[in-house]
>>> print(open('work_22.cif').read())   # mmCIF, C-alpha atoms
data_model
#
loop_
_atom_site.label_atom_id
_atom_site.label_comp_id
_atom_site.auth_asym_id
_atom_site.auth_seq_id
_atom_site.Cartn_x
_atom_site.Cartn_y
_atom_site.Cartn_z
CA MET A 1 -0.22 14.32 -9.16
CA LEU A 2 1.59 11.42 -10.81
CA LYS A 3 4.64 12.04 -13.02
CA SER A 4 5.17 9.95 -16.14
CA ILE A 5 7.46 9.45 -19.11
CA ILE A 6 6.81 7.72 -22.43
CA ILE A 7 9.25 5.30 -24.07
CA ASP A 8 8.15 4.67 -27.65
CA ASP A 9 10.03 4.81 -30.96
CA GLU A 10 7.01 6.21 -32.83
CA VAL A 11 6.81 10.01 -32.58
CA ALA A 12 3.12 9.96 -33.48
CA ALA A 13 2.43 7.53 -30.62
CA GLN A 14 4.38 9.73 -28.19
CA ARG A 15 2.39 12.81 -29.16
CA SER A 16 -0.94 11.00 -29.16
CA LEU A 17 -0.51 9.60 -25.63
CA SER A 18 0.83 12.90 -24.29
CA LYS A 19 -2.24 14.68 -25.69
CA ILE A 20 -4.65 12.10 -24.30
CA LEU A 21 -3.14 12.44 -20.82
CA GLU A 22 -3.31 16.22 -21.06
CA ILE A 23 -6.96 16.27 -22.16
CA TYR A 24 -8.51 13.41 -20.21
CA LEU A 25 -6.39 13.09 -17.05
CA PRO A 26 -5.02 16.59 -16.28
CA ASP A 27 -5.70 16.30 -12.54
CA LYS A 28 -4.19 12.80 -12.21
CA ILE A 29 -0.97 12.67 -14.20
CA ILE A 30 1.49 14.89 -16.06
CA ASN A 31 3.90 13.63 -18.69
CA GLU A 32 7.38 15.04 -18.21
CA GLY A 33 9.38 13.49 -21.03
CA VAL A 34 9.60 11.14 -24.01
CA ALA A 35 12.28 8.75 -25.27
CA GLY A 36 12.59 7.01 -28.61
CA ASN A 37 14.46 3.92 -27.46
CA LEU A 38 15.29 1.96 -24.33
CA ARG A 39 18.71 3.54 -23.78
CA GLU A 40 17.24 7.05 -23.83
CA GLY A 41 14.35 5.87 -21.68
CA ILE A 42 16.65 4.53 -18.96
CA ALA A 43 18.55 7.82 -18.89
CA LEU A 44 15.25 9.69 -18.59
CA ILE A 45 14.09 7.45 -15.74
CA LYS A 46 17.28 8.14 -13.79
CA LYS A 47 16.98 11.87 -14.40
CA LEU A 48 13.24 12.45 -13.81
CA LYS A 49 12.38 9.60 -11.38
CA PRO A 50 8.82 9.11 -12.72
CA ASP A 51 5.93 7.44 -10.95
CA VAL A 52 4.70 5.83 -14.18
CA VAL A 53 6.54 4.69 -17.31
CA PHE A 54 4.46 4.10 -20.46
CA LEU A 55 6.50 1.50 -22.34
CA ASP A 56 6.35 0.29 -25.93
CA ILE A 57 7.79 -3.19 -26.59
CA GLU A 58 8.86 -3.44 -30.22
CA MET A 59 11.54 -0.78 -30.65
CA PRO A 60 14.83 -0.58 -32.57
CA GLU A 61 17.84 -2.32 -31.03
CA GLN A 62 16.15 -3.56 -27.83
CA SER A 63 12.77 -4.81 -26.65
CA GLY A 64 11.03 -2.57 -24.17
CA LEU A 65 10.74 -5.52 -21.79
CA GLU A 66 14.50 -5.45 -21.31
CA LEU A 67 13.88 -2.41 -19.11
CA PHE A 68 13.25 -4.83 -16.23
CA ASP A 69 16.81 -6.16 -16.62
CA TYR A 70 18.53 -2.78 -16.45
CA VAL A 71 16.89 -0.73 -13.70
CA GLU A 72 15.36 -1.24 -10.28
CA ILE A 73 11.62 -0.90 -10.80
CA ASP A 74 10.43 1.54 -8.13
CA PHE A 75 7.76 2.95 -10.45
CA LYS A 76 4.71 1.57 -12.25
CA VAL A 77 5.18 0.25 -15.78
CA VAL A 78 2.26 0.41 -18.19
CA VAL A 79 3.00 -1.47 -21.40
CA ILE A 80 1.36 0.06 -24.48
CA THR A 81 1.68 -1.94 -27.69
CA ALA A 82 -0.21 -3.03 -30.77
CA TYR A 83 0.51 -6.72 -30.14
CA LYS A 84 -1.77 -8.81 -27.91
CA GLU A 85 0.73 -11.67 -27.68
CA TYR A 86 2.98 -9.68 -25.35
CA ALA A 87 0.39 -9.43 -22.58
CA ILE A 88 1.47 -12.44 -20.51
CA ASP A 89 5.21 -11.71 -20.85
CA SER A 90 4.62 -8.09 -19.80
CA LEU A 91 2.75 -9.00 -16.65
CA ARG A 92 5.24 -11.75 -15.78
CA CYS A 93 8.09 -9.24 -16.02
CA GLY A 94 6.33 -6.98 -13.55
CA ALA A 95 4.26 -4.55 -15.59
CA THR A 96 1.38 -2.99 -13.69
CA ASP A 97 -0.96 -2.94 -16.66
CA TYR A 98 -1.14 -3.66 -20.38
CA LEU A 99 -2.96 -1.47 -22.92
CA LEU A 100 -3.41 -2.03 -26.65
CA LYS A 101 -2.92 0.56 -29.38
CA PRO A 102 -4.93 2.48 -30.40
CA ILE A 103 -5.49 3.49 -26.79
CA ASN A 104 -8.98 3.12 -25.38
CA ILE A 105 -9.64 6.22 -23.25
CA LYS A 106 -11.82 4.31 -20.79
CA ASP A 107 -9.15 1.64 -20.24
CA LEU A 108 -6.43 4.28 -19.78
CA LYS A 109 -8.53 6.17 -17.23
CA ALA A 110 -9.18 2.96 -15.27
CA CYS A 111 -5.47 2.12 -15.36
CA ILE A 112 -4.37 5.53 -14.03
CA GLU A 113 -7.11 5.55 -11.40
CA LYS A 114 -5.91 2.18 -10.11
CA ILE A 115 -2.30 3.37 -10.02
CA SER A 116 -3.31 6.58 -8.26
CA ASP A 117 -5.20 4.58 -5.62
CA ASN A 118 -2.17 2.33 -5.11
CA PHE A 119 0.10 5.31 -4.56
CA ARG A 120 -2.33 6.76 -2.01
CA GLU A 121 -2.42 3.44 -0.15
CA GLU A 122 1.37 3.15 -0.18
CA LYS A 123 1.73 6.72 1.09
CA SER A 124 -0.84 6.07 3.81
CA LEU A 125 1.03 2.93 4.87
CA ILE A 126 4.31 4.88 5.10
CA LEU A 127 2.63 7.55 7.23
CA ASP A 128 1.03 4.92 9.47
CA SER A 129 4.36 3.13 9.82
CA SER A 130 6.05 6.35 10.93
CA LYS A 131 3.20 7.12 13.32
CA TYR A 132 3.40 3.61 14.81
CA GLN A 133 7.15 3.74 15.25
CA TRP A 134 7.44 7.23 16.74
CA GLY A 135 3.93 8.30 17.78
CA LYS A 136 2.23 8.17 21.15
CA LEU A 137 -1.32 7.84 22.41
CA MET A 138 -2.51 10.35 25.01
CA VAL A 139 -5.52 9.12 26.97
CA PRO A 140 -7.22 10.37 30.15
CA HIS A 141 -7.56 8.55 33.45
CA GLN A 142 -9.30 9.65 36.66
CA LYS A 143 -6.46 11.89 37.85
CA GLY A 144 -4.86 13.03 34.58
CA PHE A 145 -3.42 11.49 31.42
CA TYR A 146 -1.33 8.57 30.29
CA ILE A 147 1.03 8.98 27.34
CA VAL A 148 1.81 5.61 25.78
CA ALA A 149 3.92 4.81 22.70
CA TYR A 150 1.87 2.98 20.08
CA SER A 151 4.60 0.37 19.73
CA ASP A 152 4.33 -0.39 23.49
CA ILE A 153 0.61 -1.21 23.33
CA GLU A 154 0.02 -4.95 23.28
CA ALA A 155 -3.77 -4.85 23.42
CA ILE A 156 -6.72 -2.69 24.47
CA GLU A 157 -9.75 -4.21 26.16
CA ALA A 158 -13.19 -2.69 26.70
CA ASN A 159 -14.42 -2.10 30.24
CA GLY A 160 -17.85 -0.52 29.87
CA ASN A 161 -17.34 3.20 29.24
CA TYR A 162 -13.68 2.72 30.12
CA ALA A 163 -10.89 0.50 28.81
CA TRP A 164 -7.71 -1.28 29.80
CA ILE A 165 -4.44 -0.78 27.94
CA PHE A 166 -2.04 -3.71 28.22
CA LYS A 167 1.57 -2.63 27.67
CA SER A 168 4.34 -4.86 26.36
CA THR A 169 6.10 -4.43 29.72
CA GLY A 170 3.22 -6.22 31.45
CA GLU A 171 1.82 -2.98 32.92
CA LYS A 172 -1.97 -2.54 32.79
CA LEU A 173 -3.50 0.96 32.55
CA HIS A 174 -7.15 1.82 33.28
CA ILE A 175 -8.29 4.73 31.11
CA SER A 176 -11.37 6.94 30.92
CA ARG A 177 -12.20 6.37 27.28
CA THR A 178 -14.25 3.81 25.33
CA LEU A 179 -12.68 1.23 23.05
CA GLY A 180 -14.41 2.76 20.01
CA ALA A 181 -13.01 6.22 20.74
CA ILE A 182 -9.47 4.85 21.09
CA GLU A 183 -9.73 2.82 17.86
CA THR A 184 -10.01 6.00 15.75
CA GLN A 185 -6.62 7.18 17.07
CA LEU A 186 -4.62 4.04 16.32
CA PRO A 187 -2.29 3.77 13.31
CA LEU A 188 -3.63 1.25 10.84
CA PRO A 189 -2.98 -1.44 9.90
CA TYR A 190 -0.90 -2.40 12.94
CA PHE A 191 -3.91 -2.68 15.25
CA PHE A 192 -6.80 -5.04 14.61
CA ARG A 193 -10.28 -5.28 16.16
CA THR A 194 -10.59 -8.98 16.96
CA HIS A 195 -13.78 -8.76 18.98
CA ARG A 196 -16.31 -6.16 20.10
CA SER A 197 -14.36 -5.95 23.35
CA SER A 198 -10.78 -6.16 22.12
CA ILE A 199 -8.15 -4.54 19.87
CA ILE A 200 -4.72 -6.14 19.50
CA ASN A 201 -1.32 -5.09 18.20
CA LEU A 202 -0.47 -7.50 15.36
CA ASN A 203 3.23 -7.30 16.13
CA PHE A 204 2.69 -9.16 19.42
CA VAL A 205 0.64 -12.08 18.07
CA SER A 206 2.32 -15.41 18.82
CA GLU A 207 -0.56 -17.87 18.40
CA VAL A 208 -4.11 -18.00 17.00
CA ASN A 209 -6.37 -20.68 18.44
CA ARG A 210 -9.22 -21.18 15.96
CA GLU A 211 -11.15 -23.66 18.12
CA GLY A 212 -10.82 -21.76 21.36
CA GLY A 213 -11.43 -18.34 19.79
CA GLN A 214 -8.32 -16.94 21.49
CA ILE A 215 -5.21 -15.06 20.39
CA LYS A 216 -2.02 -15.40 22.38
CA LEU A 217 0.09 -12.24 22.58
CA LYS A 218 3.32 -11.54 24.45
CA ASN A 219 1.88 -11.38 27.98
CA ILE A 220 -1.86 -12.00 27.62
CA GLN A 221 -4.61 -13.68 25.64
CA GLN A 222 -7.49 -11.90 23.90
CA PRO A 223 -10.72 -13.23 22.32
CA ILE A 224 -11.39 -13.33 18.59
CA SER A 225 -14.79 -13.87 16.97
CA ASP A 226 -15.16 -16.50 14.24
CA LYS A 227 -15.91 -13.90 11.56
CA ASN A 228 -12.64 -12.08 12.28
CA ILE A 229 -10.25 -15.04 12.03
CA LYS A 230 -9.89 -14.95 8.24
CA PRO A 231 -9.39 -11.13 8.07
CA LEU A 232 -6.85 -11.42 10.90
CA LEU A 233 -4.82 -14.04 9.05
CA GLU A 234 -4.86 -11.87 5.91
CA LYS A 235 -3.61 -8.89 7.94
CA LEU A 236 -0.86 -10.97 9.52
CA GLN A 237 0.33 -12.06 6.08
CA GLU A 238 0.26 -8.48 4.82
CA ILE A 239 1.91 -6.72 7.77
CA LEU A 240 4.28 -9.35 9.14
CA ASP A 241 5.15 -10.86 5.75
CA VAL A 242 4.58 -14.42 6.93
CA GLU A 243 3.26 -17.49 5.12
CA LEU A 244 0.19 -19.10 6.66
#
>>> encode(input="work_22.cif", output="structure tokens")
Amino acid sequence: MLKSIIIDDEVAAQRSLSKILEIYLPDKIINEGVAGNLREGIALIKKLKPDVVFLDIEMPEQSGLELFDYVEIDFKVVVITAYKEYAIDSLRCGATDYLLKPINIKDLKACIEKISDNFREEKSLILDSSKYQWGKLMVPHQKGFYIVAYSDIEAIEANGNYAWIFKSTGEKLHISRTLGAIETQLPLPYFFRTHRSSIINLNFVSEVNREGGQIKLKNIQQPISDKNIKPLLEKLQEILDVEL
């Protein structure tokens, strides 16, 4: 459940939006406070730590867009105003969305649904990051089990109904499990299926050879199919924060 506050100098607008959220989005978001100006709104943000701030622009004393100058934006800002001309400025400042008064219920629902999906994705990424950093993979071999830290796995390669795990130390482990079965246990999005026979750890990629269809990792090379090159580059940009 998302938590929100409303910053708007019009009491009628505060009440109207609060009621709309209560009636149409009771399972998605709950409004926990209202403020009539930017100063009160900033105090409310610091106190309640909302997920979403519904922000009017034209208010006494200060423009709502000055919010971006006063606080660190670790929440979503949805600008709600009667003036179309503020749309570009709002989005440039960092607003997540822009809605016109009077509020269209369909547009508001779509906005909150998008924000809710973003929060789920961010939470999932945090969980996957923790799992990657501290978690371990337990896989069988002919005489027992290997327990391998996810962050130590450089690549996994299919070998019929078995597979090879290549560790960052250079060690190679033969395991009694298929590549497909292992893939479901790996923390996304740190591992990427480059080929029907190979999964790699993106953190170990050092070179992508488009023409040769090969990826160079720390100790080894693995194949990549043509159709997976573009998705791989997008993942590298997303996870490693690099410019390509």
>>> atom_distance(input="work_22.cif", atom1="CA of Ser129 (chain A)", atom2="CA of Asn161 (chain A)")
29.1 Å
>>> atom_distance(input="work_22.cif", atom1="CA of His141 (chain A)", atom2="CA of Ile200 (chain A)")
20.5 Å
>>> closest_residue(input="work_22.cif", among="A:Leu65, A:Leu17, A:Leu55, A:Ile73", to="Asn104 (chain A)", atoms="all atoms listed in the file")
A:Leu17
>>> closest_residue(input="work_22.cif", among="A:Ala149, A:Ile57, A:Leu67, A:Ile165", to="Ala87 (chain A)", atoms="all atoms listed in the file")
A:Ile57
>>> resolve_selection(input="work_22.cif", expression="the PyMOL selection byres ((chain A and resi 187) around 7)", output="ChimeraX atom specification")
/A:128,131-132,185-186,188-191
>>> write_last_selection(input="work_22.cif", atoms="C-alpha atoms", output="compact mmCIF listing (two decimals), in the frame of the given file")
# COMPACT_ATOMS: atom_id res chain seq x y z
CA ASP A 128 1.03 4.92 9.47
CA LYS A 131 3.20 7.12 13.32
CA TYR A 132 3.40 3.61 14.81
CA GLN A 185 -6.62 7.18 17.07
CA LEU A 186 -4.62 4.04 16.32
CA LEU A 188 -3.63 1.25 10.84
CA PRO A 189 -2.98 -1.44 9.90
CA TYR A 190 -0.90 -2.40 12.94
CA PHE A 191 -3.91 -2.68 15.25
>>> residues_around(input="work_22.cif", residues="Ala181 (chain A)", least_positions_apart="2", cutoff="12 Å", atoms="all atoms listed in the file", output="PyMOL selection string")
chain A and resi 137+139-140+156+158+161-163+175-179+183-186+199
>>> residues_around(input="work_22.cif", residues="Asp152 (chain A)", least_positions_apart="3", cutoff="9 Å", atoms="only C-alpha atoms", output="PDB file with C-alpha atoms, in the coordinates of the input")
ATOM      1  CA  VAL A 148       1.810   5.610  25.780  1.00  0.00           C
ATOM      2  CA  ALA A 149       3.920   4.810  22.700  1.00  0.00           C
ATOM      3  CA  PHE A 166      -2.040  -3.710  28.220  1.00  0.00           C
ATOM      4  CA  LYS A 167       1.570  -2.630  27.670  1.00  0.00           C
ATOM      5  CA  SER A 168       4.340  -4.860  26.360  1.00  0.00           C
ATOM      6  CA  THR A 169       6.100  -4.430  29.720  1.00  0.00           C
TER       7      THR A 169
END
>>> build_atoms(input="work_22.cif", residues="region 41-67 of chain A", atoms="N, CA and C atoms", output="PDB file, in the coordinates of the input")
ATOM      1  N   GLY A  41      15.373   5.998 -22.717  1.00  0.00           N
ATOM      2  CA  GLY A  41      14.350   5.870 -21.680  1.00  0.00           C
ATOM      3  C   GLY A  41      14.952   5.642 -20.304  1.00  0.00           C
ATOM      4  N   ILE A  42      15.981   4.805 -20.234  1.00  0.00           N
ATOM      5  CA  ILE A  42      16.650   4.530 -18.960  1.00  0.00           C
ATOM      6  C   ILE A  42      17.305   5.794 -18.413  1.00  0.00           C
ATOM      7  N   ALA A  43      17.931   6.557 -19.303  1.00  0.00           N
ATOM      8  CA  ALA A  43      18.550   7.820 -18.890  1.00  0.00           C
ATOM      9  C   ALA A  43      17.499   8.788 -18.357  1.00  0.00           C
ATOM     10  N   LEU A  44      16.334   8.804 -19.013  1.00  0.00           N
ATOM     11  CA  LEU A  44      15.250   9.690 -18.590  1.00  0.00           C
ATOM     12  C   LEU A  44      14.673   9.271 -17.242  1.00  0.00           C
ATOM     13  N   ILE A  45      14.580   7.970 -17.026  1.00  0.00           N
ATOM     14  CA  ILE A  45      14.090   7.450 -15.740  1.00  0.00           C
ATOM     15  C   ILE A  45      15.011   7.896 -14.607  1.00  0.00           C
ATOM     16  N   LYS A  46      16.315   7.766 -14.818  1.00  0.00           N
ATOM     17  CA  LYS A  46      17.280   8.140 -13.790  1.00  0.00           C
ATOM     18  C   LYS A  46      17.253   9.649 -13.519  1.00  0.00           C
ATOM     19  N   LYS A  47      16.982  10.420 -14.546  1.00  0.00           N
ATOM     20  CA  LYS A  47      16.980  11.870 -14.400  1.00  0.00           C
ATOM     21  C   LYS A  47      15.682  12.383 -13.758  1.00  0.00           C
ATOM     22  N   LEU A  48      14.534  11.893 -14.222  1.00  0.00           N
ATOM     23  CA  LEU A  48      13.240  12.450 -13.810  1.00  0.00           C
ATOM     24  C   LEU A  48      12.560  11.686 -12.673  1.00  0.00           C
ATOM     25  N   LYS A  49      12.974  10.437 -12.443  1.00  0.00           N
ATOM     26  CA  LYS A  49      12.380   9.600 -11.380  1.00  0.00           C
ATOM     27  C   LYS A  49      10.834   9.604 -11.456  1.00  0.00           C
ATOM     28  N   PRO A  50      10.283   9.079 -12.529  1.00  0.00           N
ATOM     29  CA  PRO A  50       8.820   9.110 -12.720  1.00  0.00           C
ATOM     30  C   PRO A  50       8.091   8.139 -11.799  1.00  0.00           C
ATOM     31  N   ASP A  51       6.803   8.375 -11.657  1.00  0.00           N
ATOM     32  CA  ASP A  51       5.930   7.440 -10.950  1.00  0.00           C
ATOM     33  C   ASP A  51       5.431   6.350 -11.898  1.00  0.00           C
ATOM     34  N   VAL A  52       5.258   6.744 -13.170  1.00  0.00           N
ATOM     35  CA  VAL A  52       4.700   5.830 -14.180  1.00  0.00           C
ATOM     36  C   VAL A  52       5.553   5.912 -15.450  1.00  0.00           C
ATOM     37  N   VAL A  53       5.853   4.751 -16.022  1.00  0.00           N
ATOM     38  CA  VAL A  53       6.540   4.690 -17.310  1.00  0.00           C
ATOM     39  C   VAL A  53       5.616   3.982 -18.303  1.00  0.00           C
ATOM     40  N   PHE A  54       5.227   4.699 -19.372  1.00  0.00           N
ATOM     41  CA  PHE A  54       4.460   4.100 -20.460  1.00  0.00           C
ATOM     42  C   PHE A  54       5.471   3.512 -21.441  1.00  0.00           C
ATOM     43  N   LEU A  55       5.425   2.214 -21.642  1.00  0.00           N
ATOM     44  CA  LEU A  55       6.500   1.500 -22.340  1.00  0.00           C
ATOM     45  C   LEU A  55       6.000   0.748 -23.567  1.00  0.00           C
ATOM     46  N   ASP A  56       6.583   1.078 -24.728  1.00  0.00           N
ATOM     47  CA  ASP A  56       6.350   0.290 -25.930  1.00  0.00           C
ATOM     48  C   ASP A  56       7.291  -0.927 -25.884  1.00  0.00           C
ATOM     49  N   ILE A  57       6.957  -1.988 -26.614  1.00  0.00           N
ATOM     50  CA  ILE A  57       7.790  -3.190 -26.590  1.00  0.00           C
ATOM     51  C   ILE A  57       8.675  -3.294 -27.820  1.00  0.00           C
ATOM     52  N   GLU A  58       8.076  -3.277 -28.999  1.00  0.00           N
ATOM     53  CA  GLU A  58       8.860  -3.440 -30.220  1.00  0.00           C
ATOM     54  C   GLU A  58       9.486  -2.121 -30.628  1.00  0.00           C
ATOM     55  N   MET A  59      10.785  -1.983 -30.321  1.00  0.00           N
ATOM     56  CA  MET A  59      11.540  -0.780 -30.650  1.00  0.00           C
ATOM     57  C   MET A  59      12.876  -1.175 -31.265  1.00  0.00           C
ATOM     58  N   PRO A  60      13.528  -0.265 -31.981  1.00  0.00           N
ATOM     59  CA  PRO A  60      14.830  -0.580 -32.570  1.00  0.00           C
ATOM     60  C   PRO A  60      15.853  -0.973 -31.511  1.00  0.00           C
ATOM     61  N   GLU A  61      16.705  -1.898 -31.844  1.00  0.00           N
ATOM     62  CA  GLU A  61      17.840  -2.320 -31.030  1.00  0.00           C
ATOM     63  C   GLU A  61      17.454  -3.215 -29.855  1.00  0.00           C
ATOM     64  N   GLN A  62      16.506  -2.786 -29.019  1.00  0.00           N
ATOM     65  CA  GLN A  62      16.150  -3.560 -27.830  1.00  0.00           C
ATOM     66  C   GLN A  62      14.648  -3.597 -27.603  1.00  0.00           C
ATOM     67  N   SER A  63      14.178  -4.705 -27.048  1.00  0.00           N
ATOM     68  CA  SER A  63      12.770  -4.810 -26.650  1.00  0.00           C
ATOM     69  C   SER A  63      12.533  -3.968 -25.406  1.00  0.00           C
ATOM     70  N   GLY A  64      11.365  -3.370 -25.341  1.00  0.00           N
ATOM     71  CA  GLY A  64      11.030  -2.570 -24.170  1.00  0.00           C
ATOM     72  C   GLY A  64      11.055  -3.379 -22.887  1.00  0.00           C
ATOM     73  N   LEU A  65      10.771  -4.683 -22.984  1.00  0.00           N
ATOM     74  CA  LEU A  65      10.740  -5.520 -21.790  1.00  0.00           C
ATOM     75  C   LEU A  65      12.108  -5.709 -21.155  1.00  0.00           C
ATOM     76  N   GLU A  66      13.167  -5.377 -21.888  1.00  0.00           N
ATOM     77  CA  GLU A  66      14.500  -5.450 -21.310  1.00  0.00           C
ATOM     78  C   GLU A  66      14.719  -4.375 -20.239  1.00  0.00           C
ATOM     79  N   LEU A  67      13.804  -3.433 -20.164  1.00  0.00           N
ATOM     80  CA  LEU A  67      13.880  -2.410 -19.110  1.00  0.00           C
ATOM     81  C   LEU A  67      13.993  -3.059 -17.735  1.00  0.00           C
TER      82      LEU A  67
END
